[in-house]
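K.L.:
Supplied in structure tokens, the structure appears directly below.
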Amino acid sequence: MNESTQGIFLMNEIGIVIPTYNRKAYLNEAIHSILAQEMPPGWNFHTVVVDDGGTDGTFEDLCTSFGMPVTDENEVALLPNFTLLRKPNAERGAARNYGANWFNNNRPARWLMFFDADDVMCEKCLLHSINRIESASDDDFGAVYTSIHIWSDGTPKPGGFSGAKLPEGDISQGVLSCHMLPMGGT
């Protein structure tokens, strides 16, 4: 990023996007794991939950649990760093993009994190990511990622990346080669 574009971002802010569709049963734990994150001085985060046309009362339940009146509005600021959005159903990818666009138009965070409604953020996850960002020697890198731990009934589930050594540096080719799905065509 060059100096002429730096001013358009809230430089030390992480925007967190959580798409949800009928995941009310899990969302409370996900949100509270984010709100409990430790942040270093000078850094901030803002979270948006995008209710993707769910029918389980997620939007209304979140308004109520944060002491806000239930409304027909499609955007409610539940806390200074937490906004609830509502949109017609168009699936998870569209809800993620909706949240990313909200940041672009309302609060242009330098870093975006996509989080699922049934995830729980590990203690100090944001702090570790920020430490990685700040320790980078290359000013132009654009991604930080973390390992995942898959748990079932209080024990690690096979298939998680718990304890695995993750690659560092320019990972773009590896990500593209490992995470592309072949498309059939005629």
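Lettering and numbering for the structure tokens are positional, with chains as A, B, ... in the shown order, residues counted from 1 in each chain, and ligands counted from 1 in the shown order.
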Need to verify the contact set: Ala36 of chain A, 10 Å, only C-alpha atoms, exclusion of same-chain residues closer than 2 positions in sequence. Can you return it as a short mmCIF file (atom, residue, chain, number, x, y, z; two decimals) with all heavy atoms, in the first residue's frame?
P.N.:
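Here's the written file selection-v9.cif:
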```cif
data_model
loop_
_atom_site.label_atom_id
_atom_site.label_comp_id
_atom_site.auth_asym_id
_atom_site.auth_seq_id
_atom_site.Cartn_x
_atom_site.Cartn_y
_atom_site.Cartn_z
N ILE A 31 -20.04 -14.51 19.08
CA ILE A 31 -19.95 -13.06 19.32
C ILE A 31 -19.18 -12.76 20.60
O ILE A 31 -18.28 -11.92 20.61
CB ILE A 31 -21.36 -12.44 19.36
CG1 ILE A 31 -21.98 -12.47 17.97
CG2 ILE A 31 -21.30 -11.01 19.92
CD1 ILE A 31 -23.47 -12.16 17.96
N HIS A 32 -19.51 -13.47 21.66
CA HIS A 32 -18.83 -13.19 22.94
C HIS A 32 -17.37 -13.57 22.91
O HIS A 32 -16.54 -12.93 23.57
CB HIS A 32 -19.60 -13.83 24.10
CG HIS A 32 -20.87 -13.11 24.38
ND1 HIS A 32 -20.91 -11.87 24.99
CD2 HIS A 32 -22.15 -13.41 24.07
CE1 HIS A 32 -22.16 -11.45 25.06
NE2 HIS A 32 -22.93 -12.37 24.52
N SER A 33 -17.00 -14.58 22.11
CA SER A 33 -15.57 -14.92 21.98
C SER A 33 -14.81 -13.80 21.26
O SER A 33 -13.63 -13.58 21.54
CB SER A 33 -15.38 -16.26 21.26
OG SER A 33 -15.63 -16.16 19.87
N ILE A 34 -15.47 -13.08 20.38
CA ILE A 34 -14.84 -11.95 19.69
C ILE A 34 -14.78 -10.74 20.61
O ILE A 34 -13.75 -10.09 20.73
CB ILE A 34 -15.60 -11.61 18.39
CG1 ILE A 34 -15.45 -12.75 17.38
CG2 ILE A 34 -15.10 -10.29 17.80
CD1 ILE A 34 -16.35 -12.65 16.18
N GLU A 38 -8.44 -9.54 23.47
CA GLU A 38 -7.48 -8.54 23.97
C GLU A 38 -6.87 -7.84 22.76
O GLU A 38 -6.48 -8.48 21.79
CB GLU A 38 -6.40 -9.28 24.76
CG GLU A 38 -5.32 -8.41 25.32
CD GLU A 38 -4.26 -9.23 26.05
OE1 GLU A 38 -4.56 -10.35 26.51
OE2 GLU A 38 -3.14 -8.73 26.15
N MET A 39 -6.82 -6.52 22.83
CA MET A 39 -6.26 -5.73 21.73
C MET A 39 -5.09 -4.90 22.23
O MET A 39 -5.15 -4.35 23.32
CB MET A 39 -7.32 -4.79 21.15
CG MET A 39 -8.53 -5.50 20.56
SD MET A 39 -8.14 -6.56 19.17
CE MET A 39 -7.87 -5.34 17.91
N MET A 121 -13.76 -17.92 18.69
CA MET A 121 -12.42 -17.38 18.51
C MET A 121 -11.58 -17.72 19.74
O MET A 121 -11.98 -17.45 20.87
CB MET A 121 -12.48 -15.86 18.32
CG MET A 121 -11.18 -15.26 17.85
SD MET A 121 -11.31 -13.50 17.44
CE MET A 121 -12.14 -13.57 15.87
N CYS A 122 -10.43 -18.31 19.50
CA CYS A 122 -9.53 -18.65 20.59
C CYS A 122 -9.05 -17.39 21.29
O CYS A 122 -8.92 -16.33 20.68
CB CYS A 122 -8.32 -19.42 20.06
SG CYS A 122 -8.73 -21.02 19.37
N GLU A 123 -8.76 -17.54 22.57
CA GLU A 123 -8.23 -16.43 23.35
C GLU A 123 -6.98 -15.87 22.67
O GLU A 123 -6.12 -16.62 22.23
CB GLU A 123 -7.89 -16.93 24.76
CG GLU A 123 -7.43 -15.87 25.70
CD GLU A 123 -7.12 -16.43 27.09
OE1 GLU A 123 -7.63 -17.51 27.45
OE2 GLU A 123 -6.35 -15.78 27.79
N LYS A 124 -6.90 -14.56 22.57
CA LYS A 124 -5.76 -13.83 21.99
C LYS A 124 -5.57 -14.06 20.50
O LYS A 124 -4.50 -13.77 19.96
CB LYS A 124 -4.48 -14.14 22.75
CG LYS A 124 -4.54 -13.71 24.20
CD LYS A 124 -3.22 -13.90 24.90
CE LYS A 124 -3.35 -13.44 26.36
NZ LYS A 124 -2.11 -13.52 27.08
#
```
K.L.:
Pick out the closest residue to Ile16 of chain A from this set: A:Phe82, A:Val120, A:Ala90, A:Ser129. Count only C-alpha atoms.
P.N.:
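Looking only at the distances to Ile16 of chain A, the closest residue turns out to be A:Phe82.
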